[in-house]
file final.pdb (PDB, C-alpha atoms and all ligand atoms)
ATOM      1  CA  MET A 660      78.566 -98.913 211.414
ATOM      2  CA  ARG A 661      74.801 -99.118 211.524
ATOM      3  CA  LYS A 662      73.203 -95.791 210.706
ATOM      4  CA  PRO A 663      70.353 -95.024 213.133
ATOM      5  CA  LEU A 664      66.830 -95.005 211.730
ATOM      6  CA  ILE A 665      64.129 -92.672 213.005
ATOM      7  CA  ILE A 666      60.787 -93.708 211.535
ATOM      8  CA  ALA A 667      57.388 -92.031 211.732
ATOM      9  CA  ASN A 668      54.487 -94.468 211.464
ATOM     10  CA  TRP A 669      51.463 -92.212 211.133
ATOM     11  CA  LYS A 670      49.066 -95.186 211.071
ATOM     12  CA  MET A 671      45.573 -94.038 209.978
ATOM     13  CA  ASN A 672      46.233 -90.359 210.680
ATOM     14  CA  HIS A 673      46.809 -87.222 208.565
ATOM     15  CA  SER A 674      44.869 -86.316 205.426
ATOM     16  CA  ILE A 675      46.808 -85.464 202.255
ATOM     17  CA  GLU A 676      46.603 -81.802 203.197
ATOM     18  CA  ASP A 677      47.859 -82.400 206.743
ATOM     19  CA  SER A 678      50.647 -84.653 205.462
ATOM     20  CA  LEU A 679      51.850 -82.016 202.992
ATOM     21  CA  LYS A 680      51.767 -79.326 205.681
ATOM     22  CA  PHE A 681      53.725 -81.546 208.067
ATOM     23  CA  ILE A 682      56.473 -82.303 205.546
ATOM     24  CA  THR A 683      56.748 -78.689 204.363
ATOM     25  CA  VAL A 684      57.183 -77.451 207.936
ATOM     26  CA  LEU A 685      59.577 -80.302 208.784
ATOM     27  CA  GLN A 686      61.719 -79.683 205.713
ATOM     28  CA  ASN A 687      61.984 -76.003 206.601
ATOM     29  CA  LYS A 688      63.108 -76.780 210.126
ATOM     30  CA  LEU A 689      65.299 -79.772 209.343
ATOM     31  CA  THR A 690      68.886 -79.121 208.487
ATOM     32  CA  PHE A 691      70.268 -82.063 206.536
ATOM     33  CA  LYS A 692      71.073 -84.773 209.024
ATOM     34  CA  SER A 693      73.774 -87.293 208.519
ATOM     35  CA  HIS A 694      73.547 -88.939 211.947
ATOM     36  CA  ALA A 695      70.318 -90.793 211.096
ATOM     37  CA  GLU A 696      68.017 -91.825 208.273
ATOM     38  CA  VAL A 697      64.587 -90.271 208.722
ATOM     39  CA  VAL A 698      61.674 -92.216 207.241
ATOM     40  CA  ILE A 699      58.049 -91.066 206.961
ATOM     41  CA  CYS A 700      55.319 -93.711 206.593
ATOM     42  CA  PRO A 701      52.095 -91.840 205.782
ATOM     43  CA  PRO A 702      48.730 -93.405 204.873
ATOM     44  CA  TYR A 703      48.603 -94.755 201.289
ATOM     45  CA  THR A 704      46.491 -91.793 200.120
ATOM     46  CA  ALA A 705      49.307 -89.330 200.884
ATOM     47  CA  LEU A 706      52.158 -91.401 199.435
ATOM     48  CA  TYR A 707      52.102 -89.920 195.943
ATOM     49  CA  SER A 708      51.932 -86.274 197.061
ATOM     50  CA  LEU A 709      54.698 -86.831 199.593
ATOM     51  CA  SER A 710      56.860 -88.678 197.082
ATOM     52  CA  VAL A 711      56.849 -85.567 194.880
ATOM     53  CA  LEU A 712      57.650 -83.267 197.814
ATOM     54  CA  ILE A 713      60.287 -85.516 199.337
ATOM     55  CA  GLN A 714      62.164 -85.951 196.052
ATOM     56  CA  GLU A 715      62.631 -82.205 195.816
ATOM     57  CA  LYS A 716      64.714 -81.932 198.970
ATOM     58  CA  GLU A 717      67.288 -84.123 200.618
ATOM     59  CA  GLY A 718      66.964 -85.580 204.074
ATOM     60  CA  LEU A 719      63.708 -87.546 204.180
ATOM     61  CA  ILE A 720      62.920 -91.059 202.988
ATOM     62  CA  LEU A 721      59.502 -92.426 202.081
ATOM     63  CA  GLY A 722      58.098 -95.554 203.686
ATOM     64  CA  ALA A 723      54.786 -97.435 203.478
ATOM     65  CA  GLN A 724      52.831 -99.001 206.336
ATOM     66  CA  ASN A 725      51.948-102.257 204.612
ATOM     67  CA  CYS A 726      51.594-103.964 201.229
ATOM     68  CA  TYR A 727      50.413-107.231 199.697
ATOM     69  CA  TYR A 728      52.848-109.811 198.370
ATOM     70  CA  GLY A 729      51.347-110.308 194.905
ATOM     71  CA  GLU A 730      52.594-108.125 192.070
ATOM     72  CA  SER A 731      49.174-107.644 190.462
ATOM     73  CA  GLY A 732      45.874-109.436 190.053
ATOM     74  CA  ALA A 733      42.436-109.895 191.564
ATOM     75  CA  PHE A 734      43.193-108.723 195.109
ATOM     76  CA  THR A 735      40.544-106.089 195.754
ATOM     77  CA  GLY A 736      41.732-103.378 198.083
ATOM     78  CA  GLU A 737      45.350-104.514 198.267
ATOM     79  CA  ILE A 738      48.478-102.603 197.217
ATOM     80  CA  SER A 739      51.283-104.244 195.269
ATOM     81  CA  PRO A 740      54.912-103.759 196.344
ATOM     82  CA  VAL A 741      55.613-102.960 192.683
ATOM     83  CA  PHE A 742      53.315 -99.928 192.927
ATOM     84  CA  LEU A 743      55.089 -98.760 196.078
ATOM     85  CA  ALA A 744      58.496 -99.094 194.459
ATOM     86  CA  GLU A 745      57.190 -97.081 191.500
ATOM     87  CA  LEU A 746      56.426 -94.232 193.907
ATOM     88  CA  GLY A 747      59.951 -94.175 195.265
ATOM     89  CA  VAL A 748      59.100 -95.939 198.529
ATOM     90  CA  SER A 749      62.259 -97.309 200.174
ATOM     91  CA  TYR A 750      60.942 -99.014 203.323
ATOM     92  CA  VAL A 751      57.774-101.008 204.019
ATOM     93  CA  ILE A 752      56.519-101.894 207.512
ATOM     94  CA  VAL A 753      55.542-105.566 207.562
ATOM     95  CA  GLY A 754      53.805-107.529 210.289
ATOM     96  CA  HIS A 755      52.914-104.652 212.591
ATOM     97  CA  SER A 756      51.039-106.026 215.613
ATOM     98  CA  GLU A 757      47.976-104.009 214.557
ATOM     99  CA  ARG A 758      48.014-105.890 211.237
ATOM    100  CA  ARG A 759      48.510-109.206 213.008
ATOM    101  CA  ASN A 760      45.856-108.649 215.673
ATOM    102  CA  LEU A 761      43.202-106.499 214.009
ATOM    103  CA  PHE A 762      43.472-107.856 210.474
ATOM    104  CA  GLY A 763      44.461-111.445 211.111
ATOM    105  CA  GLU A 764      47.858-111.442 209.402
ATOM    106  CA  THR A 765      49.630-114.737 209.899
ATOM    107  CA  ASP A 766      53.340-115.486 210.117
ATOM    108  CA  GLU A 767      53.079-117.165 206.722
ATOM    109  CA  LEU A 768      51.537-114.102 205.054
ATOM    110  CA  ILE A 769      54.149-111.879 206.694
ATOM    111  CA  SER A 770      56.996-114.030 205.362
ATOM    112  CA  GLN A 771      55.572-113.726 201.833
ATOM    113  CA  LYS A 772      55.318-109.954 202.175
ATOM    114  CA  VAL A 773      58.900-109.684 203.438
ATOM    115  CA  GLN A 774      60.148-111.650 200.471
ATOM    116  CA  SER A 775      58.153-109.549 197.958
ATOM    117  CA  VAL A 776      59.293-106.248 199.433
ATOM    118  CA  LEU A 777      62.902-107.362 199.028
ATOM    119  CA  ALA A 778      62.233-108.581 195.487
ATOM    120  CA  CYS A 779      61.113-105.027 194.661
ATOM    121  CA  ASN A 780      64.365-103.589 196.013
ATOM    122  CA  MET A 781      62.744-102.071 199.076
ATOM    123  CA  LYS A 782      63.605-102.768 202.699
ATOM    124  CA  PRO A 783      61.103-104.493 204.986
ATOM    125  CA  ILE A 784      60.765-103.228 208.554
ATOM    126  CA  ILE A 785      59.726-106.461 210.231
ATOM    127  CA  CYS A 786      57.755-105.926 213.447
ATOM    128  CA  ILE A 787      57.882-108.488 216.233
ATOM    129  CA  GLY A 788      56.882-108.308 219.877
ATOM    130  CA  GLU A 789      55.127-110.011 222.746
ATOM    131  CA  THR A 790      51.859-109.379 224.579
ATOM    132  CA  ILE A 791      51.869-108.485 228.261
ATOM    133  CA  ASN A 792      50.677-111.985 229.181
ATOM    134  CA  GLU A 793      53.514-113.556 227.203
ATOM    135  CA  ARG A 794      55.982-111.274 229.002
ATOM    136  CA  ASN A 795      54.525-112.083 232.415
ATOM    137  CA  ASP A 796      54.751-115.783 231.588
ATOM    138  CA  GLY A 797      58.455-115.434 230.723
ATOM    139  CA  LYS A 798      57.831-116.184 227.052
ATOM    140  CA  THR A 799      59.107-112.943 225.508
ATOM    141  CA  LEU A 800      62.316-114.260 223.956
ATOM    142  CA  GLY A 801      60.658-117.412 222.631
ATOM    143  CA  VAL A 802      57.811-115.434 221.046
ATOM    144  CA  ILE A 803      60.051-112.950 219.259
ATOM    145  CA  GLU A 804      62.412-115.702 218.173
ATOM    146  CA  ASN A 805      59.556-117.612 216.579
ATOM    147  CA  GLN A 806      58.122-114.501 214.879
ATOM    148  CA  LEU A 807      61.525-113.534 213.515
ATOM    149  CA  LYS A 808      62.392-116.985 212.196
ATOM    150  CA  GLN A 809      59.051-117.266 210.426
ATOM    151  CA  ALA A 810      59.192-113.737 208.988
ATOM    152  CA  ILE A 811      62.567-114.313 207.348
ATOM    153  CA  SER A 812      61.996-117.926 206.384
ATOM    154  CA  LEU A 813      61.767-117.135 202.649
ATOM    155  CA  VAL A 814      64.581-114.580 202.544
ATOM    156  CA  ASP A 815      67.679-115.412 200.565
ATOM    157  CA  LYS A 816      70.712-115.148 202.885
ATOM    158  CA  LYS A 817      72.360-112.576 200.642
ATOM    159  CA  ASP A 818      69.390-110.227 201.213
ATOM    160  CA  LEU A 819      69.400-110.440 205.005
ATOM    161  CA  GLY A 820      71.537-107.299 205.340
ATOM    162  CA  LYS A 821      68.656-105.269 203.857
ATOM    163  CA  ILE A 822      66.066-106.074 206.490
ATOM    164  CA  VAL A 823      65.248-103.944 209.513
ATOM    165  CA  ILE A 824      63.805-105.516 212.623
ATOM    166  CA  ALA A 825      61.507-103.500 214.868
ATOM    167  CA  TYR A 826      61.062-104.856 218.361
ATOM    168  CA  GLU A 827      57.651-103.523 219.390
ATOM    169  CA  PRO A 828      56.297-105.053 222.593
ATOM    170  CA  ILE A 829      52.528-104.907 222.173
ATOM    171  CA  TRP A 830      51.974-103.724 225.747
ATOM    172  CA  ALA A 831      54.100-100.637 225.040
ATOM    173  CA  ILE A 832      52.265 -99.505 221.895
ATOM    174  CA  GLY A 833      50.147 -96.407 222.453
ATOM    175  CA  THR A 834      50.199 -96.885 226.225
ATOM    176  CA  LYS A 835      52.837 -94.301 227.241
ATOM    177  CA  GLN A 836      54.539 -97.205 228.989
ATOM    178  CA  ASN A 837      57.709 -97.812 227.012
ATOM    179  CA  ALA A 838      60.003-100.761 227.535
ATOM    180  CA  THR A 839      62.930 -99.729 229.701
ATOM    181  CA  PRO A 840      66.293 -99.547 227.929
ATOM    182  CA  GLY A 841      67.182-102.753 229.805
ATOM    183  CA  GLN A 842      64.076-104.625 228.626
ATOM    184  CA  ALA A 843      64.589-103.438 225.048
ATOM    185  CA  CYS A 844      68.275-104.384 225.119
ATOM    186  CA  GLU A 845      67.548-107.892 226.368
ATOM    187  CA  ALA A 846      65.257-108.433 223.363
ATOM    188  CA  HIS A 847      67.606-106.724 220.892
ATOM    189  CA  GLN A 848      70.597-108.762 222.054
ATOM    190  CA  HIS A 849      68.609-111.948 221.703
ATOM    191  CA  ILE A 850      67.590-110.949 218.174
ATOM    192  CA  ARG A 851      71.193-110.120 217.257
ATOM    193  CA  GLY A 852      72.333-113.473 218.603
ATOM    194  CA  LEU A 853      69.769-115.237 216.446
ATOM    195  CA  LEU A 854      70.849-113.303 213.375
ATOM    196  CA  VAL A 855      74.459-114.327 213.970
ATOM    197  CA  LYS A 856      73.343-117.956 213.941
ATOM    198  CA  ILE A 857      71.055-117.579 210.916
ATOM    199  CA  ALA A 858      73.309-115.360 208.774
ATOM    200  CA  ASN A 859      76.912-114.781 209.767
ATOM    201  CA  GLN A 860      78.734-112.409 212.112
ATOM    202  CA  ASN A 861      79.359-109.665 209.563
ATOM    203  CA  LEU A 862      75.919-109.679 208.013
ATOM    204  CA  ALA A 863      74.182-109.934 211.385
ATOM    205  CA  HIS A 864      76.018-106.862 212.603
ATOM    206  CA  GLU A 865      74.818-104.824 209.615
ATOM    207  CA  ILE A 866      71.142-105.406 210.358
ATOM    208  CA  ARG A 867      69.432-102.623 212.236
ATOM    209  CA  ILE A 868      67.259-103.534 215.190
ATOM    210  CA  ILE A 869      65.038-100.645 216.194
ATOM    211  CA  TYR A 870      62.634-100.171 219.086
ATOM    212  CA  GLY A 871      58.981 -99.078 218.975
ATOM    213  CA  GLY A 872      56.360 -98.563 221.666
ATOM    214  CA  SER A 873      55.614 -95.218 223.360
ATOM    215  CA  VAL A 874      58.817 -93.559 222.147
ATOM    216  CA  GLN A 875      58.607 -89.880 223.120
ATOM    217  CA  PRO A 876      60.947 -86.874 223.234
ATOM    218  CA  THR A 877      61.304 -87.603 226.951
ATOM    219  CA  ASN A 878      62.620 -91.165 226.567
ATOM    220  CA  ILE A 879      64.229 -91.422 223.131
ATOM    221  CA  ASN A 880      67.642 -90.259 224.258
ATOM    222  CA  GLU A 881      68.036 -92.898 226.961
ATOM    223  CA  LEU A 882      66.849 -95.593 224.558
ATOM    224  CA  MET A 883      69.138 -94.479 221.733
ATOM    225  CA  ARG A 884      72.150 -94.351 224.052
ATOM    226  CA  GLU A 885      72.068 -98.152 224.173
ATOM    227  CA  LYS A 886      74.447 -99.652 221.645
ATOM    228  CA  ASP A 887      71.968-102.386 220.746
ATOM    229  CA  ILE A 888      69.171 -99.960 219.860
ATOM    230  CA  ASP A 889      69.656 -98.741 216.295
ATOM    231  CA  GLY A 890      66.627 -96.512 215.938
ATOM    232  CA  ALA A 891      63.003 -95.892 216.788
ATOM    233  CA  LEU A 892      59.663 -96.671 215.174
ATOM    234  CA  ILE A 893      57.370 -93.934 216.432
ATOM    235  CA  GLY A 894      53.574 -93.781 216.310
ATOM    236  CA  GLY A 895      51.670 -91.140 218.300
ATOM    237  CA  ALA A 896      54.614 -88.851 219.037
ATOM    238  CA  SER A 897      55.492 -88.626 215.322
ATOM    239  CA  LEU A 898      52.219 -86.885 214.453
ATOM    240  CA  GLU A 899      53.349 -83.434 215.624
ATOM    241  CA  VAL A 900      56.198 -81.794 213.733
ATOM    242  CA  ASP A 901      57.939 -80.320 216.769
ATOM    243  CA  SER A 902      57.840 -83.526 218.740
ATOM    244  CA  PHE A 903      59.108 -85.555 215.757
ATOM    245  CA  LEU A 904      61.839 -83.022 215.073
ATOM    246  CA  GLN A 905      63.015 -83.268 218.670
ATOM    247  CA  MET A 906      63.224 -87.036 218.305
ATOM    248  CA  ILE A 907      65.190 -86.769 215.033
ATOM    249  CA  ASN A 908      67.651 -84.682 217.030
ATOM    250  CA  TYR A 909      67.518 -87.073 219.984
ATOM    251  CA  HIS A 910      71.188 -86.599 220.764
ATOM    252  CA  GLU A 911      70.552 -82.917 221.553
ATOM    253  CA  ILE A 912      67.873 -83.637 224.159
ATOM    254  CA  LYS A 913      69.218 -83.062 227.657
TER
HETATM  255  P1  LIG A1001      53.304 -95.513 219.657
HETATM  256  O1  LIG A1001      54.579 -94.756 219.436
HETATM  257  O2  LIG A1001      52.078 -94.643 219.478
HETATM  258  O3  LIG A1001      53.319 -96.275 220.927
HETATM  259  O4  LIG A1001      53.194 -96.593 218.472
HETATM  260  C1  LIG A1001      54.272 -97.426 218.249
HETATM  261  C2  LIG A1001      54.045 -98.123 216.978
HETATM  262  O5  LIG A1001      53.159 -98.959 216.869
HETATM  263  C3  LIG A1001      54.899 -97.755 215.849
HETATM  264  O6  LIG A1001      54.777 -98.660 214.803
END

call {"tool": "encode", "arguments": {"input": "final.pdb", "output": "structure tokens", "more": "lines below"}}
Ligand code: 13P
result
Amino acid sequence: MRKPLIIANWKMNHSIEDSLKFITVLQNKLTFKSHAEVVICPPYTALYSLSVLIQEKEGLILGAQNCYYGESGAFTGEISPVFLAELGVSYVIVGHSERRNLFGETDELISQKVQSVLACNMKPIICIGETINERNDGKTLGVIENQLKQAISLVDKKDLGKIVIAYEPIWAIGTKQNATPGQACEAHQHIRGLLVKIANQNLAHEIRIIYGGSVQPTNINELMREKDIDGALIGGASLEVDSFLQMINYHEIK
């Protein structure tokens, strides 16, 4: 059984003070949930404060939005996966399309990051997804296949069960135009099929494939009802406590 993952990616939003307020309010409203793992990925500056707060109460897991692959050294401005692990970070988003497109991250760099995150006993959330032009040209499945193969090219087979794959079509990010459950499922099924070929049946069926791109309280339930969608990676709609809380409790939304 794959446990659903509900992940908040705050991107470059929320000061330390706002982050602490958010988590305090969320923890007060959240009764311990066993139906899903709930992960918060704040900006780096809030990671330490949140790690202290999150450790005090059950129910929330800390994630980071990015990291470098080197352990230490002359890499001005970068953050080592070792430092994230030291803070109690469990998940790291790798290869988000904003990192690829705005900051020039290549498939090769992403594969090195994935490998380093795993080496530090954390779980990479590997983001893949097509542009609208690629979709219109019928290239979606080829593009995500290529991104996935490259991202996991350095991963030891025994570690494959620890990865999470986030299918995030670029045209759906921040646009309020989510992929339909059918579009998401087509991509997720293709990804699962690839994993079966690359790993083996059992391992491939342990790997969670989550969806991201304009997930909202109004659409999360229909997406999560699909058996091939194992969770959600949520940007804008995760910034407000009440909206995020609704999405954690997606199964209660009518
Ligand atoms: P939105 O939920 O704002 O579309 O962002 C999705 C995303 O990029 C999550 O990583």

call {"tool": "residues_around", "arguments": {"input": "final.pdb", "residues": "Ile850 in chain A", "least_positions_apart": "4", "cutoff": "9 Å", "atoms": "all atoms listed in the file", "output": "ChimeraX atom specification"}}
result
/A:800,803-804,807,824,826,845-846,854-855,868

call {"tool": "write_last_selection", "arguments": {"input": "final.pdb", "atoms": "C-alpha atoms", "output": "PDB file, in the coordinates of the input"}}
result
ATOM      1  CA  LEU A 800      62.316-114.260 223.956  1.00  0.00           C
ATOM      2  CA  ILE A 803      60.051-112.950 219.259  1.00  0.00           C
ATOM      3  CA  GLU A 804      62.412-115.702 218.173  1.00  0.00           C
ATOM      4  CA  LEU A 807      61.525-113.534 213.515  1.00  0.00           C
ATOM      5  CA  ILE A 824      63.805-105.516 212.623  1.00  0.00           C
ATOM      6  CA  TYR A 826      61.062-104.856 218.361  1.00  0.00           C
ATOM      7  CA  GLU A 845      67.548-107.892 226.368  1.00  0.00           C
ATOM      8  CA  ALA A 846      65.257-108.433 223.363  1.00  0.00           C
ATOM      9  CA  LEU A 854      70.849-113.303 213.375  1.00  0.00           C
ATOM     10  CA  VAL A 855      74.459-114.327 213.970  1.00  0.00           C
ATOM     11  CA  ILE A 868      67.259-103.534 215.190  1.00  0.00           C
TER      12      ILE A 868
END

call {"tool": "atom_distance", "arguments": {"input": "final.pdb", "atom1": "CA of Arg794 in chain A", "atom2": "CA of Thr834 in chain A"}}
result
15.8 Å

call {"tool": "resolve_selection", "arguments": {"input": "final.pdb", "expression": "the PyMOL selection byres (((not hetatm)) within 9 of (chain A and resi 1001))", "output": "VMD selection string"}}
result
chain A and resid 666 to 670 724 752 755 to 757 786 825 827 to 837 870 to 875 891 to 897

call {"tool": "write_last_selection", "arguments": {"input": "final.pdb", "atoms": "C-alpha atoms", "output": "PDB file, keeping the file's coordinate frame"}}
result
ATOM      1  CA  ILE A 666      60.787 -93.708 211.535  1.00  0.00           C
ATOM      2  CA  ALA A 667      57.388 -92.031 211.732  1.00  0.00           C
ATOM      3  CA  ASN A 668      54.487 -94.468 211.464  1.00  0.00           C
ATOM      4  CA  TRP A 669      51.463 -92.212 211.133  1.00  0.00           C
ATOM      5  CA  LYS A 670      49.066 -95.186 211.071  1.00  0.00           C
ATOM      6  CA  GLN A 724      52.831 -99.001 206.336  1.00  0.00           C
ATOM      7  CA  ILE A 752      56.519-101.894 207.512  1.00  0.00           C
ATOM      8  CA  HIS A 755      52.914-104.652 212.591  1.00  0.00           C
ATOM      9  CA  SER A 756      51.039-106.026 215.613  1.00  0.00           C
ATOM     10  CA  GLU A 757      47.976-104.009 214.557  1.00  0.00           C
ATOM     11  CA  CYS A 786      57.755-105.926 213.447  1.00  0.00           C
ATOM     12  CA  ALA A 825      61.507-103.500 214.868  1.00  0.00           C
ATOM     13  CA  GLU A 827      57.651-103.523 219.390  1.00  0.00           C
ATOM     14  CA  PRO A 828      56.297-105.053 222.593  1.00  0.00           C
ATOM     15  CA  ILE A 829      52.528-104.907 222.173  1.00  0.00           C
ATOM     16  CA  TRP A 830      51.974-103.724 225.747  1.00  0.00           C
ATOM     17  CA  ALA A 831      54.100-100.637 225.040  1.00  0.00           C
ATOM     18  CA  ILE A 832      52.265 -99.505 221.895  1.00  0.00           C
ATOM     19  CA  GLY A 833      50.147 -96.407 222.453  1.00  0.00           C
ATOM     20  CA  THR A 834      50.199 -96.885 226.225  1.00  0.00           C
ATOM     21  CA  LYS A 835      52.837 -94.301 227.241  1.00  0.00           C
ATOM     22  CA  GLN A 836      54.539 -97.205 228.989  1.00  0.00           C
ATOM     23  CA  ASN A 837      57.709 -97.812 227.012  1.00  0.00           C
ATOM     24  CA  TYR A 870      62.634-100.171 219.086  1.00  0.00           C
ATOM     25  CA  GLY A 871      58.981 -99.078 218.975  1.00  0.00           C
ATOM     26  CA  GLY A 872      56.360 -98.563 221.666  1.00  0.00           C
ATOM     27  CA  SER A 873      55.614 -95.218 223.360  1.00  0.00           C
ATOM     28  CA  VAL A 874      58.817 -93.559 222.147  1.00  0.00           C
ATOM     29  CA  GLN A 875      58.607 -89.880 223.120  1.00  0.00           C
ATOM     30  CA  ALA A 891      63.003 -95.892 216.788  1.00  0.00           C
ATOM     31  CA  LEU A 892      59.663 -96.671 215.174  1.00  0.00           C
ATOM     32  CA  ILE A 893      57.370 -93.934 216.432  1.00  0.00           C
ATOM     33  CA  GLY A 894      53.574 -93.781 216.310  1.00  0.00           C
ATOM     34  CA  GLY A 895      51.670 -91.140 218.300  1.00  0.00           C
ATOM     35  CA  ALA A 896      54.614 -88.851 219.037  1.00  0.00           C
ATOM     36  CA  SER A 897      55.492 -88.626 215.322  1.00  0.00           C
TER      37      SER A 897
END

call {"tool": "atom_distance", "arguments": {"input": "final.pdb", "atom1": "CA of Leu743 in chain A", "atom2": "CA of Cys726 in chain A"}}
result
8.1 Å

call {"tool": "resolve_selection", "arguments": {"input": "final.pdb", "expression": "the PyMOL selection byres (((chain A and resi 812-816) around 9) and not hetatm)", "output": "mmCIF file with C-alpha atoms, in the coordinates of the input"}}
result
data_model
loop_
_atom_site.group_PDB
_atom_site.id
_atom_site.type_symbol
_atom_site.label_atom_id
_atom_site.label_comp_id
_atom_site.auth_asym_id
_atom_site.auth_seq_id
_atom_site.Cartn_x
_atom_site.Cartn_y
_atom_site.Cartn_z
ATOM 1 C CA GLU A 767 53.079 -117.165 206.722
ATOM 2 C CA SER A 770 56.996 -114.030 205.362
ATOM 3 C CA GLN A 771 55.572 -113.726 201.833
ATOM 4 C CA VAL A 773 58.900 -109.684 203.438
ATOM 5 C CA GLN A 774 60.148 -111.650 200.471
ATOM 6 C CA LEU A 777 62.902 -107.362 199.028
ATOM 7 C CA LEU A 807 61.525 -113.534 213.515
ATOM 8 C CA LYS A 808 62.392 -116.985 212.196
ATOM 9 C CA GLN A 809 59.051 -117.266 210.426
ATOM 10 C CA ALA A 810 59.192 -113.737 208.988
ATOM 11 C CA ILE A 811 62.567 -114.313 207.348
ATOM 12 C CA LYS A 817 72.360 -112.576 200.642
ATOM 13 C CA ASP A 818 69.390 -110.227 201.213
ATOM 14 C CA LEU A 819 69.400 -110.440 205.005
ATOM 15 C CA GLY A 820 71.537 -107.299 205.340
ATOM 16 C CA ILE A 857 71.055 -117.579 210.916
ATOM 17 C CA ALA A 858 73.309 -115.360 208.774
#

call {"tool": "residues_around", "arguments": {"input": "final.pdb", "residues": "Lys772 in chain A", "least_positions_apart": "6", "cutoff": "10 Å", "atoms": "all atoms listed in the file", "output": "list in words"}}
result
Asn725, Cys726, Tyr727, Tyr728, Gly729, Ser739, Pro740, Val751, Ile752, Val753, Gly754, Asp766, Ala778, Pro783, Ile785, Ala810, Ile811 and Leu813 of chain A

call {"tool": "atom_distance", "arguments": {"input": "final.pdb", "atom1": "CA of Ile822 in chain A", "atom2": "CA of Lys886 in chain A"}}
result
18.5 Å

call {"tool": "resolve_selection", "arguments": {"input": "final.pdb", "expression": "the PyMOL selection byres (((chain A and resi 678-693) around 8) and not hetatm)", "output": "PyMOL selection string"}}
result
chain A and resi 673-677+694-696+701+705+708-709+712-713+716-718+899-900+904

call {"tool": "write_last_selection", "arguments": {"input": "final.pdb", "atoms": "C-alpha atoms", "output": "short mmCIF file (atom, residue, chain, number, x, y, z; two decimals), keeping the file's coordinate frame"}}
result
data_model
loop_
_atom_site.label_atom_id
_atom_site.label_comp_id
_atom_site.auth_asym_id
_atom_site.auth_seq_id
_atom_site.Cartn_x
_atom_site.Cartn_y
_atom_site.Cartn_z
CA HIS A 673 46.81 -87.22 208.56
CA SER A 674 44.87 -86.32 205.43
CA ILE A 675 46.81 -85.46 202.26
CA GLU A 676 46.60 -81.80 203.20
CA ASP A 677 47.86 -82.40 206.74
CA HIS A 694 73.55 -88.94 211.95
CA ALA A 695 70.32 -90.79 211.10
CA GLU A 696 68.02 -91.82 208.27
CA PRO A 701 52.10 -91.84 205.78
CA ALA A 705 49.31 -89.33 200.88
CA SER A 708 51.93 -86.27 197.06
CA LEU A 709 54.70 -86.83 199.59
CA LEU A 712 57.65 -83.27 197.81
CA ILE A 713 60.29 -85.52 199.34
CA LYS A 716 64.71 -81.93 198.97
CA GLU A 717 67.29 -84.12 200.62
CA GLY A 718 66.96 -85.58 204.07
CA GLU A 899 53.35 -83.43 215.62
CA VAL A 900 56.20 -81.79 213.73
CA LEU A 904 61.84 -83.02 215.07
#

call {"tool": "closest_residue", "arguments": {"input": "final.pdb", "among": "A:Asn859, A:His849, A:Phe742, A:Ile879", "to": "Tyr707 in chain A", "atoms": "only C-alpha atoms"}}
result
A:Phe742

call {"tool": "residues_around", "arguments": {"input": "final.pdb", "residues": "Glu885 in chain A", "least_positions_apart": "6", "cutoff": "9 Å", "atoms": "only C-alpha atoms", "output": "PDB file with C-alpha atoms, in the coordinates of the input"}}
result
ATOM      1  CA  PRO A 840      66.293 -99.547 227.929  1.00  0.00           C
ATOM      2  CA  GLY A 841      67.182-102.753 229.805  1.00  0.00           C
ATOM      3  CA  CYS A 844      68.275-104.384 225.119  1.00  0.00           C
TER       4      CYS A 844
END

call {"tool": "axis_aligned_box", "arguments": {"input": "final.pdb", "around": "range 682-700 of chain A", "padding_each_side": "8 Å", "output": "JSON"}}
result
{"center_x": 64.5, "center_y": -84.9, "center_z": 208.2, "size_x": 34.5, "size_y": 33.7, "size_z": 23.6}

call {"tool": "residues_around", "arguments": {"input": "final.pdb", "residues": "His910 in chain A", "least_positions_apart": "3", "cutoff": "12 Å", "atoms": "all atoms listed in the file", "output": "PyMOL selection string"}}
result
chain A and resi 663+692+694-695+876-884+890+904-907+913

call {"tool": "closest_residue", "arguments": {"input": "final.pdb", "among": "A:Lys782, A:Val802, A:Ile791, A:Val697", "to": "Ile866 in chain A", "atoms": "only C-alpha atoms"}}
result
A:Lys782

call {"tool": "closest_residue", "arguments": {"input": "final.pdb", "among": "A:Met671, A:Leu706, A:Ile888, A:Leu853", "to": "Ile738 in chain A", "atoms": "only C-alpha atoms"}}
result
A:Leu706

call {"tool": "closest_residue", "arguments": {"input": "final.pdb", "among": "A:His864, A:His847, A:Lys856, A:Lys821", "to": "Arg661 in chain A", "atoms": "all atoms listed in the file"}}
result
A:His864
